[in-house]
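**Student:** Okay, so here is upload12.csv, and as you'll see once you scroll down, it has CSV, C-alpha atoms.
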```csv
chain,number,residue,atom,x,y,z
A,1,MET,CA,136.1,30.5,73.3
A,2,PRO,CA,133.8,28.5,70.9
A,3,ARG,CA,135.0,28.2,67.3
A,4,VAL,CA,132.1,27.9,64.8
A,5,HIS,CA,131.3,28.5,61.2
A,6,LEU,CA,129.9,32.0,61.3
A,7,ASP,CA,127.1,32.8,58.9
A,8,HIS,CA,124.0,34.9,58.9
A,9,SER,CA,121.8,32.1,60.3
A,10,PHE,CA,124.1,31.3,63.2
A,11,CYS,CA,124.5,35.0,64.1
A,12,LEU,CA,120.7,35.5,64.0
A,13,THR,CA,120.1,32.7,66.6
A,14,ALA,CA,123.3,32.8,68.7
A,15,ARG,CA,122.8,33.3,72.4
A,16,CYS,CA,125.1,34.0,75.4
A,17,LEU,CA,126.0,30.8,77.2
A,18,PRO,CA,124.2,30.4,80.6
A,19,GLY,CA,126.1,32.0,83.6
A,20,ARG,CA,128.2,34.4,81.4
A,21,LYS,CA,127.9,38.1,80.7
A,22,ARG,CA,129.3,37.6,77.2
A,23,THR,CA,130.1,34.8,74.9
A,24,ASP,CA,132.6,35.2,72.0
A,25,TYR,CA,132.1,33.0,68.9
A,26,TYR,CA,135.2,32.8,66.7
A,27,ASP,CA,134.9,32.0,63.0
A,28,ARG,CA,136.7,29.0,61.8
A,29,THR,CA,137.4,30.4,58.3
A,30,VAL,CA,138.5,34.0,58.9
A,31,THR,CA,141.0,34.1,61.7
A,32,GLY,CA,140.1,36.8,64.3
A,33,PHE,CA,136.5,37.3,63.1
A,34,VAL,CA,134.3,37.3,66.2
A,35,LEU,CA,130.7,37.5,67.1
A,36,GLU,CA,130.2,38.9,70.6
A,37,VAL,CA,126.9,38.0,72.2
A,38,HIS,CA,125.9,39.6,75.5
A,39,ALA,CA,123.6,38.3,78.2
A,40,SER,CA,121.4,41.3,77.5
A,41,GLY,CA,120.6,40.0,74.1
A,42,THR,CA,122.7,42.4,72.0
A,43,SER,CA,125.5,41.2,69.8
A,44,SER,CA,128.2,42.8,67.6
A,45,TYR,CA,131.0,41.9,65.1
A,46,ALA,CA,134.7,42.4,66.0
A,47,PHE,CA,138.1,41.6,64.7
A,48,ARG,CA,140.9,40.4,67.0
A,49,TYR,CA,144.6,39.9,66.3
A,50,GLN,CA,148.1,40.2,67.7
A,51,ASP,CA,150.1,43.3,66.8
A,52,ALA,CA,153.8,43.4,66.0
A,53,TYR,CA,154.6,43.3,69.7
A,54,GLY,CA,152.5,40.2,70.4
A,55,LYS,CA,149.8,42.2,72.2
A,56,LEU,CA,146.2,41.2,71.6
A,57,ARG,CA,144.3,44.0,69.9
A,58,GLN,CA,140.7,44.4,68.9
A,59,ARG,CA,138.7,46.6,66.6
A,60,ARG,CA,135.0,46.7,66.6
A,61,ILE,CA,133.3,46.2,63.2
A,62,ALA,CA,129.6,47.0,63.9
A,63,GLY,CA,126.6,46.0,65.8
A,64,PHE,CA,124.6,43.0,64.6
A,65,GLY,CA,121.8,44.5,62.4
A,66,ASP,CA,123.7,47.7,61.6
A,67,VAL,CA,125.5,45.9,58.7
A,68,THR,CA,124.9,42.7,56.9
A,69,PHE,CA,126.8,39.6,57.8
A,70,ASP,CA,128.6,39.6,54.4
A,71,GLN,CA,129.7,43.2,55.0
A,72,ALA,CA,131.1,42.4,58.4
A,73,LYS,CA,132.9,39.3,57.1
A,74,LYS,CA,134.5,41.3,54.2
A,75,ARG,CA,135.7,43.9,56.7
A,76,ALA,CA,137.3,41.2,58.9
A,77,GLN,CA,138.9,39.7,55.8
A,78,ARG,CA,140.4,43.0,54.8
A,79,TRP,CA,141.8,43.7,58.2
A,80,ARG,CA,143.2,40.1,58.4
A,81,ALA,CA,145.1,40.9,55.1
A,82,GLU,CA,146.4,44.1,56.6
A,83,VAL,CA,147.7,42.3,59.7
A,84,THR,CA,149.4,39.6,57.5
A,85,LEU,CA,151.2,42.4,55.7
A,86,GLY,CA,152.3,44.1,58.9
A,87,GLY,CA,149.4,46.5,59.4
A,88,ASP,CA,147.7,47.5,62.6
A,89,PRO,CA,144.0,48.2,62.2
A,90,ALA,CA,143.3,49.1,65.8
A,91,GLY,CA,146.5,51.3,65.8
A,92,GLN,CA,145.2,53.2,62.8
A,93,LYS,CA,142.0,53.9,64.6
A,94,ALA,CA,143.8,55.1,67.7
A,95,GLU,CA,146.0,57.3,65.5
A,96,LYS,CA,142.9,58.8,63.8
A,97,LYS,CA,141.3,59.5,67.2
A,98,ALA,CA,144.5,61.1,68.4
A,99,ILE,CA,144.4,63.8,65.7
A,100,PRO,CA,143.4,67.1,67.3
A,101,ASN,CA,141.2,69.7,65.8
A,102,TYR,CA,142.7,73.1,64.8
A,103,ALA,CA,141.3,74.8,67.9
A,104,THR,CA,143.7,72.7,70.0
A,105,LEU,CA,146.6,73.5,67.8
A,106,ALA,CA,145.7,77.2,67.9
A,107,ASP,CA,145.8,77.1,71.8
A,108,GLN,CA,149.3,75.5,71.7
A,109,HIS,CA,150.4,78.0,69.1
A,110,LEU,CA,149.4,81.0,71.2
A,111,GLU,CA,150.8,79.5,74.3
A,112,TYR,CA,154.2,79.1,72.5
A,113,VAL,CA,154.0,82.7,71.2
A,114,ARG,CA,153.6,84.0,74.7
A,115,THR,CA,156.9,82.5,75.7
A,116,TYR,CA,158.9,84.8,73.5
A,117,SER,CA,156.8,87.5,71.9
A,118,ARG,CA,156.5,91.0,73.5
A,119,ASN,CA,153.1,91.4,71.9
A,120,PRO,CA,151.3,88.1,71.6
A,121,GLY,CA,148.0,90.0,71.2
A,122,ASN,CA,148.6,90.3,67.5
A,123,THR,CA,148.6,86.5,67.0
A,124,GLU,CA,145.8,86.1,69.5
A,125,SER,CA,143.6,88.5,67.6
A,126,VAL,CA,144.1,87.0,64.2
A,127,LEU,CA,143.5,83.5,65.6
A,128,ARG,CA,140.4,84.5,67.5
A,129,VAL,CA,138.8,86.7,64.8
A,130,HIS,CA,139.7,85.0,61.6
A,131,VAL,CA,141.2,81.6,61.8
A,132,ARG,CA,139.5,79.7,64.6
A,133,PRO,CA,135.9,80.5,63.5
A,134,LYS,CA,136.7,78.9,60.1
A,135,TRP,CA,139.0,76.0,61.0
A,136,GLY,CA,138.7,75.5,64.8
A,137,LYS,CA,136.4,72.4,64.6
A,138,LYS,CA,138.2,70.7,61.7
A,139,ARG,CA,140.7,67.9,62.5
A,140,LEU,CA,144.1,68.7,61.2
A,141,ASP,CA,144.1,66.0,58.5
A,142,GLU,CA,140.9,67.5,57.2
A,143,ILE,CA,142.5,70.9,56.3
A,144,HIS,CA,143.7,70.9,52.7
A,145,THR,CA,145.6,73.4,50.5
A,146,PRO,CA,142.8,74.1,47.9
A,147,ASP,CA,140.3,74.9,50.7
A,148,ILE,CA,142.7,77.3,52.4
A,149,ALA,CA,143.5,79.0,49.1
A,150,LYS,CA,139.8,79.5,48.4
A,151,TRP,CA,139.2,80.9,51.9
A,152,LEU,CA,142.0,83.4,51.6
A,153,GLY,CA,140.7,84.4,48.2
A,154,ASP,CA,137.2,84.9,49.7
A,155,LEU,CA,138.7,87.1,52.4
A,156,ARG,CA,140.3,89.4,49.8
A,157,ALA,CA,137.0,89.4,47.8
A,158,ARG,CA,135.1,90.5,51.0
A,159,GLY,CA,137.3,93.6,51.1
A,160,LEU,CA,139.9,92.7,53.7
A,161,ALA,CA,143.2,94.7,53.1
A,162,PRO,CA,145.8,92.6,51.3
A,163,ALA,CA,148.2,93.1,54.2
A,164,THR,CA,145.6,91.8,56.7
A,165,VAL,CA,145.0,88.7,54.5
A,166,GLU,CA,148.8,88.1,54.3
A,167,LYS,CA,149.1,88.4,58.1
A,168,ILE,CA,146.3,85.8,58.5
A,169,ARG,CA,148.2,83.5,56.0
A,170,VAL,CA,151.5,83.9,57.8
A,171,ILE,CA,150.0,83.1,61.3
A,172,PHE,CA,148.0,80.1,59.9
A,173,ASN,CA,151.2,78.9,58.2
A,174,ARG,CA,153.1,79.2,61.4
A,175,SER,CA,150.6,77.0,63.2
A,176,PHE,CA,151.3,74.1,60.9
A,177,GLU,CA,155.1,74.7,60.9
A,178,LEU,CA,154.9,74.3,64.7
A,179,ALA,CA,152.7,71.2,64.3
A,180,LEU,CA,155.3,69.6,62.1
A,181,ARG,CA,158.1,70.5,64.6
A,182,TRP,CA,156.1,69.1,67.4
A,183,GLN,CA,155.2,65.9,65.4
A,184,THR,CA,151.5,66.5,66.0
A,185,PRO,CA,149.3,63.6,64.8
A,186,GLY,CA,147.6,64.1,61.5
A,187,VAL,CA,150.1,66.6,60.2
A,188,LYS,CA,152.5,65.1,57.6
A,189,ALA,CA,152.9,68.3,55.6
A,190,ASN,CA,152.0,72.0,55.9
A,191,PRO,CA,148.9,72.7,53.8
A,192,VAL,CA,149.5,76.5,53.9
A,193,ARG,CA,153.0,76.4,52.5
A,194,GLY,CA,152.1,75.6,48.9
A,195,ILE,CA,149.7,78.6,48.5
A,196,GLN,CA,151.0,81.2,46.1
A,197,ARG,CA,151.0,84.7,47.6
A,198,PRO,CA,149.8,87.5,45.4
A,199,LYS,CA,152.2,90.3,45.0
A,200,VAL,CA,151.1,93.3,47.0
A,201,ALA,CA,152.8,96.7,47.1
A,202,ASN,CA,152.4,97.5,50.8
A,203,ALA,CA,155.4,99.9,51.1
A,204,ARG,CA,154.4,103.4,51.9
A,205,ASP,CA,156.3,106.3,50.3
A,206,ARG,CA,154.9,109.1,52.4
A,207,PHE,CA,157.6,111.5,53.5
A,208,LEU,CA,157.1,114.9,55.1
A,209,THR,CA,158.6,118.0,53.6
A,210,ALA,CA,160.2,120.5,55.9
A,211,GLU,CA,157.1,122.8,55.6
A,212,GLU,CA,154.8,119.9,56.5
A,213,ALA,CA,156.9,118.9,59.5
A,214,ALA,CA,156.7,122.5,60.8
A,215,ARG,CA,152.9,122.5,60.4
A,216,LEU,CA,152.7,119.2,62.2
A,217,LEU,CA,154.9,120.3,65.1
A,218,LYS,CA,152.8,123.5,65.5
A,219,ALA,CA,149.6,121.4,65.7
A,220,THR,CA,151.1,119.1,68.3
A,221,GLN,CA,152.0,122.1,70.5
A,222,ALA,CA,148.3,122.8,70.7
A,223,SER,CA,147.4,119.2,71.6
A,224,LEU,CA,145.7,118.4,74.9
A,225,ASN,CA,148.3,115.6,75.3
A,226,PRO,CA,151.2,117.4,77.0
A,227,GLN,CA,153.7,114.9,75.7
A,228,LEU,CA,152.7,114.7,72.0
A,229,TYR,CA,154.9,117.6,70.9
A,230,ASN,CA,158.0,116.0,72.4
A,231,ILE,CA,157.1,112.6,71.1
A,232,VAL,CA,156.7,113.8,67.5
A,233,ARG,CA,159.9,115.8,67.7
A,234,LEU,CA,161.9,112.9,68.9
A,235,LEU,CA,160.4,110.5,66.4
A,236,LEU,CA,161.5,112.9,63.6
A,237,LEU,CA,164.9,113.5,65.1
A,238,THR,CA,165.8,109.8,65.8
A,239,GLY,CA,163.8,107.8,63.3
A,240,ALA,CA,162.8,105.5,66.1
A,241,ARG,CA,159.7,103.3,66.1
A,242,LYS,CA,156.8,104.6,68.1
A,243,ARG,CA,156.8,101.8,70.7
A,244,GLU,CA,160.6,102.1,71.1
A,245,LEU,CA,160.2,105.8,72.1
A,246,LEU,CA,157.1,105.3,74.3
A,247,ASP,CA,158.9,102.6,76.3
A,248,ALA,CA,162.2,104.5,76.5
A,249,ARG,CA,163.8,104.9,80.0
A,250,TRP,CA,166.0,107.6,81.4
A,251,VAL,CA,168.6,105.0,82.4
A,252,ASP,CA,169.2,104.2,78.7
A,253,VAL,CA,169.8,107.8,77.6
A,254,ASP,CA,173.4,109.0,77.9
A,255,LEU,CA,173.4,112.7,77.1
A,256,ASP,CA,177.2,113.0,77.5
A,257,ARG,CA,177.8,110.4,74.8
A,258,ARG,CA,174.8,111.6,72.9
A,259,ALA,CA,173.5,108.1,72.6
A,260,TRP,CA,170.2,106.3,73.4
A,261,PHE,CA,170.3,102.6,74.0
A,262,ILE,CA,167.3,100.6,72.9
A,263,PRO,CA,167.4,97.2,74.7
A,264,THR,CA,165.1,95.4,72.3
A,265,SER,CA,163.3,96.2,69.1
A,266,LYS,CA,161.1,94.8,66.4
A,267,THR,CA,164.1,92.8,65.0
A,268,GLY,CA,164.8,91.4,68.5
A,269,LYS,CA,168.2,93.1,68.6
A,270,SER,CA,169.4,95.9,70.8
A,271,ARG,CA,171.0,99.0,69.3
A,272,TYR,CA,172.3,102.5,70.0
A,273,VAL,CA,170.7,105.5,68.4
A,274,PRO,CA,172.9,108.6,68.1
A,275,LEU,CA,171.4,111.8,69.3
A,276,SER,CA,171.8,115.1,67.4
A,277,THR,CA,172.4,118.3,69.3
A,278,THR,CA,168.7,119.2,68.8
A,279,ALA,CA,167.6,115.8,70.1
A,280,VAL,CA,169.7,116.3,73.2
A,281,GLU,CA,168.2,119.8,73.8
A,282,VAL,CA,164.7,118.3,73.5
A,283,ILE,CA,165.5,115.6,76.0
A,284,GLU,CA,167.1,118.0,78.4
A,285,GLN,CA,163.9,120.0,78.4
A,286,LEU,CA,161.6,117.0,79.1
A,287,PRO,CA,159.7,117.1,82.4
A,288,ARG,CA,160.9,114.6,85.0
A,289,PHE,CA,158.7,112.9,87.6
A,290,ASP,CA,159.7,111.5,91.0
A,291,ASN,CA,160.3,107.8,91.0
A,292,CYS,CA,159.4,107.5,87.3
A,293,PRO,CA,161.9,105.8,85.1
A,294,TRP,CA,160.2,106.5,81.8
A,295,LEU,CA,161.4,109.2,79.4
A,296,LEU,CA,158.0,110.3,78.1
A,297,PRO,CA,155.3,108.9,80.5
A,298,ASN,CA,151.7,109.8,80.8
A,299,PRO,CA,151.9,112.6,83.4
A,300,SER,CA,148.7,111.2,85.0
A,301,SER,CA,149.6,107.6,85.4
A,302,LYS,CA,153.4,107.9,85.3
A,303,ARG,CA,153.4,104.9,83.0
A,304,PRO,CA,154.2,104.7,79.3
A,305,TYR,CA,151.3,105.5,76.9
A,306,THR,CA,149.6,102.4,75.5
A,307,ASP,CA,148.8,104.4,72.4
A,308,ILE,CA,148.5,108.0,71.2
A,309,LYS,CA,146.1,107.4,68.4
A,310,HIS,CA,143.4,110.1,69.3
A,311,PRO,CA,145.8,113.0,70.0
A,312,TRP,CA,147.8,112.1,66.9
A,313,GLU,CA,144.7,112.1,64.6
A,314,THR,CA,143.6,115.4,66.0
A,315,ALA,CA,147.0,117.0,65.5
A,316,ARG,CA,147.5,115.7,61.9
A,317,ALA,CA,144.0,116.9,61.0
A,318,ALA,CA,144.8,120.3,62.4
A,319,ALA,CA,147.9,120.3,60.3
A,320,GLY,CA,146.0,119.3,57.1
A,321,LEU,CA,148.0,116.1,56.8
A,322,HIS,CA,145.1,113.6,56.5
A,323,GLY,CA,146.3,110.0,56.0
A,324,LEU,CA,149.7,110.6,57.5
A,325,HIS,CA,150.6,107.6,59.7
A,326,ILE,CA,152.8,108.1,62.8
A,327,HIS,CA,155.2,105.5,61.3
A,328,ASP,CA,155.7,107.9,58.4
A,329,LEU,CA,157.7,110.0,60.8
A,330,ARG,CA,160.3,107.3,60.8
A,331,HIS,CA,160.3,107.3,56.9
A,332,SER,CA,160.5,111.1,57.0
A,333,ALA,CA,163.5,111.0,59.4
A,334,ALA,CA,165.3,108.7,56.9
A,335,SER,CA,164.4,110.9,53.9
A,336,PHE,CA,165.7,114.0,55.6
A,337,MET,CA,169.0,112.3,56.4
A,338,ILE,CA,169.4,110.9,52.9
A,339,ASN,CA,168.6,114.2,51.2
A,340,ALA,CA,171.3,115.7,53.4
A,341,GLY,CA,173.8,113.4,51.7
A,342,ILE,CA,174.0,110.6,54.3
A,343,ASP,CA,174.6,107.2,52.7
A,344,LEU,CA,172.1,104.4,52.9
A,345,PHE,CA,174.3,102.2,55.1
A,346,ALA,CA,174.5,104.8,57.8
A,347,VAL,CA,170.8,105.5,57.7
A,348,GLY,CA,170.0,101.7,58.0
A,349,ARG,CA,172.3,101.5,61.1
A,350,ILE,CA,170.5,104.4,62.7
A,351,LEU,CA,167.0,103.0,62.0
A,352,GLY,CA,168.1,99.5,63.2
A,353,HIS,CA,167.2,97.7,60.0
A,354,ALA,CA,167.9,94.0,60.2
A,355,ASP,CA,169.1,93.8,56.6
A,356,HIS,CA,169.9,96.2,53.7
A,357,GLN,CA,166.7,95.3,51.9
A,358,SER,CA,164.7,97.4,54.3
A,359,THR,CA,166.9,100.4,53.7
A,360,MET,CA,166.8,100.0,49.9
A,361,ARG,CA,163.3,101.5,49.8
A,362,TYR,CA,165.0,104.9,50.3
A,363,SER,CA,167.4,104.4,47.4
A,364,HIS,CA,165.5,106.6,45.1
A,365,LEU,CA,166.0,109.5,47.6
A,366,ALA,CA,169.7,108.8,47.6
A,367,ASN,CA,169.6,108.9,43.8
A,368,ASP,CA,168.1,112.3,43.9
A,369,THR,CA,170.9,113.5,46.1
A,370,LEU,CA,173.5,112.0,43.6
A,371,LEU,CA,171.7,113.6,40.7
A,372,ALA,CA,171.9,117.0,42.4
A,373,ALA,CA,175.6,116.5,43.0
A,374,VAL,CA,176.3,115.7,39.3
A,375,GLU,CA,174.2,118.6,38.2
A,376,ALA,CA,176.1,121.0,40.5
A,377,GLY,CA,179.4,119.6,39.2
A,378,ALA,CA,178.3,120.0,35.6
A,379,ALA,CA,177.1,123.6,36.2
A,380,LYS,CA,180.5,124.4,37.8
A,381,MET,CA,182.4,123.1,34.8
A,382,ALA,CA,180.2,125.1,32.5
A,383,ILE,CA,180.6,122.6,29.7
```
Can you dump the structure from the file as structure tokens?

**Tutor:**
Amino acid sequence: MPRVHLDHSFCLTARCLPGRKRTDYYDRTVTGFVLEVHASGTSSYAFRYQDAYGKLRQRRIAGFGDVTFDQAKKRAQRWRAEVTLGGDPAGQKAEKKAIPNYATLADQHLEYVRTYSRNPGNTESVLRVHVRPKWGKKRLDEIHTPDIAKWLGDLRARGLAPATVEKIRVIFNRSFELALRWQTPGVKANPVRGIQRPKVANARDRFLTAEEAARLLKATQASLNPQLYNIVRLLLLTGARKRELLDARWVDVDLDRRAWFIPTSKTGKSRYVPLSTTAVEVIEQLPRFDNCPWLLPNPSSKRPYTDIKHPWETARAAAGLHGLHIHDLRHSAASFMINAGIDLFAVGRILGHADHQSTMRYSHLANDTLLAAVEAGAAKMAI
């Protein structure tokens, strides 16, 4: 372990001692500054020190010839100062190398979602189509708030629906929230959290009238899908979500109590849906298949429909209701109940809303009912 006065001239002529694979020349002036000379003739600068636990650590500076001697010495002096003040140069490099890229975090995010979500495909699709192509190769400490804000703005400018951009933002934000929870290297804060969300009016106010509902039901009766008529009738009569009804089982329907039990829903909670006399009559008339537990299965597969998009679009076109979404049947069920004088709290319970805010979207319908009541009262008083 020769100690010498390292300078450019010495480093230029230094040779590996005979019989050794490598000779280390330590500088007398900068503690830990080393010139490593190999038997092959190559040499490089390094810095060695003891960390806080007394363990010998090393960090390579550069190969001889890649930087000047003065540059190598200044780097060694800076690291020596860091060590004196309690720093760990080699540890900092290891921490930097341990920072994963976003693609790794996206894989962990999706794996976690699959442990609890009934439909992880939504997250998988957003990550695969939108987020990974943009950020997958970036290390997590290279992803910054201004860049994300610009990217989201560009997505909106390219014509993506505001709701789609918001879904992308939410899932990207969730990735970094999970990274913080898991103490992932390189993530000290969530760069998505500080992005201001533009106000978007996504709520739909499409409600069927009684006449439109009759036209729709007539069109579904002519559908090539033998179950569409029953599906649409029960969606209107119960206010259930499409997936809740398509996955319904006979064992969860109690016609004597006139109740349908939904074990799990969008909110993650189970609930009972009361069944009107008409809904009970519809269910009693449903075809039943041997060894088939589903209420409204595909008669061919005896399994729940994955979707009913095409027969639905055909029926609504035949009814002249272009643009009507199948989820609007749920809104329509609520509007019919409220216009019949049912209070918002009861409607929210039937629909399975997690909080009253979801039900408040129908408050203007309730107000119409109240106005009709006061008008009727005023007319009766003849004031």

**Student:** What is the distance between CA of Arg258 (chain A) and CA of Lys242 (chain A), in Å to one decimal?

**Tutor:**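 Pair CA of Arg258 (chain A) / CA of Lys242 (chain A) returns 19.9 Å.
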
**Student:** One decimal, in Å: what's the spacing between CA of Leu35 (chain A) and CA of Ile99 (chain A)?

**Tutor:**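 Going from CA of Leu35 (chain A) over to CA of Ile99 (chain A) covers 29.7 Å.
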
**Student:** Residues near Arg156 (chain A), anyone? I mean within 12 Å using all atoms listed in the file, not counting same-chain ones fewer than 6 positions away, as a list in words.

**Tutor:**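 Once the adjacent positions are removed, what remains is Ala149, Lys150, Pro162, Ala163, Thr164, Val165, Glu166, Ile168, Arg169, Arg197, Pro198 and Val200 of chain A.
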
**Student:** When you draw a straight line from CA of Leu208 (chain A) to CA of Thr278 (chain A), how long is it in Å?

**Tutor:**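 Atom-to-atom, CA of Leu208 (chain A) to CA of Thr278 (chain A), that is 18.5 Å.
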
**Student:** Excluding Thr29 (chain A) and any residue of its chain fewer than 4 positions from it, enumerate the residues within 9 Å of it, using all atoms listed in the file, and give them as a VMD selection string.

**Tutor:** chain A and resid 4 to 6 33

**Student:** I'd like a table as JSON lines: residues in region 236-275 of chain A with an atom no more than 10 Å from region 305-319 of chain A, each row giving the shortest atom pair and its distance in Å to one decimal, all atoms listed in the file counted, sorted by chain and rising residue number.

**Tutor:**
```
{"residue": "A:Lys242", "atom": "CA", "partner": "A:Asp307", "partner_atom": "CA", "distance": 9.1}
{"residue": "A:Arg243", "atom": "CA", "partner": "A:Asp307", "partner_atom": "CA", "distance": 8.6}
{"residue": "A:Leu246", "atom": "CA", "partner": "A:Tyr305", "partner_atom": "CA", "distance": 6.4}
{"residue": "A:Asp247", "atom": "CA", "partner": "A:Tyr305", "partner_atom": "CA", "distance": 8.2}
```

**Student:** Kindly provide, as a PyMOL selection string, the polymer residues lying within 12 Å of (157.2, 73.5, 64.9), counting all atoms listed in the file and using the coordinates exactly as they appear in the file.

**Tutor:** chain A and resi 105+108-109+112-113+173-184+187+189-190

**Student:** I'd like the neighbourhood of Pro185 (chain A) as a PyMOL selection string, where a residue qualifies if any of its atoms comes within 10 Å (using only C-alpha atoms), though same-chain residues fewer than 4 positions away should be ignored.

**Tutor:** chain A and resi 95-100+139-141+179-180

**Student:** So that I can see what lies close to region 131-137 of chain A, please list as a PDB file with C-alpha atoms, in the coordinates of the input the residues with an atom at most 8 Å from it, counting only C-alpha atoms and leaving out residues fewer than 4 positions away in the same chain.

**Tutor:**
```pdb
ATOM      1  CA  ASN A 101     141.200  69.700  65.800  1.00  0.00           C
ATOM      2  CA  TYR A 102     142.700  73.100  64.800  1.00  0.00           C
ATOM      3  CA  ALA A 103     141.300  74.800  67.900  1.00  0.00           C
ATOM      4  CA  THR A 104     143.700  72.700  70.000  1.00  0.00           C
ATOM      5  CA  ALA A 106     145.700  77.200  67.900  1.00  0.00           C
ATOM      6  CA  VAL A 126     144.100  87.000  64.200  1.00  0.00           C
ATOM      7  CA  LEU A 127     143.500  83.500  65.600  1.00  0.00           C
ATOM      8  CA  ILE A 143     142.500  70.900  56.300  1.00  0.00           C
ATOM      9  CA  ILE A 168     146.300  85.800  58.500  1.00  0.00           C
ATOM     10  CA  PHE A 172     148.000  80.100  59.900  1.00  0.00           C
TER      11      PHE A 172
END
```
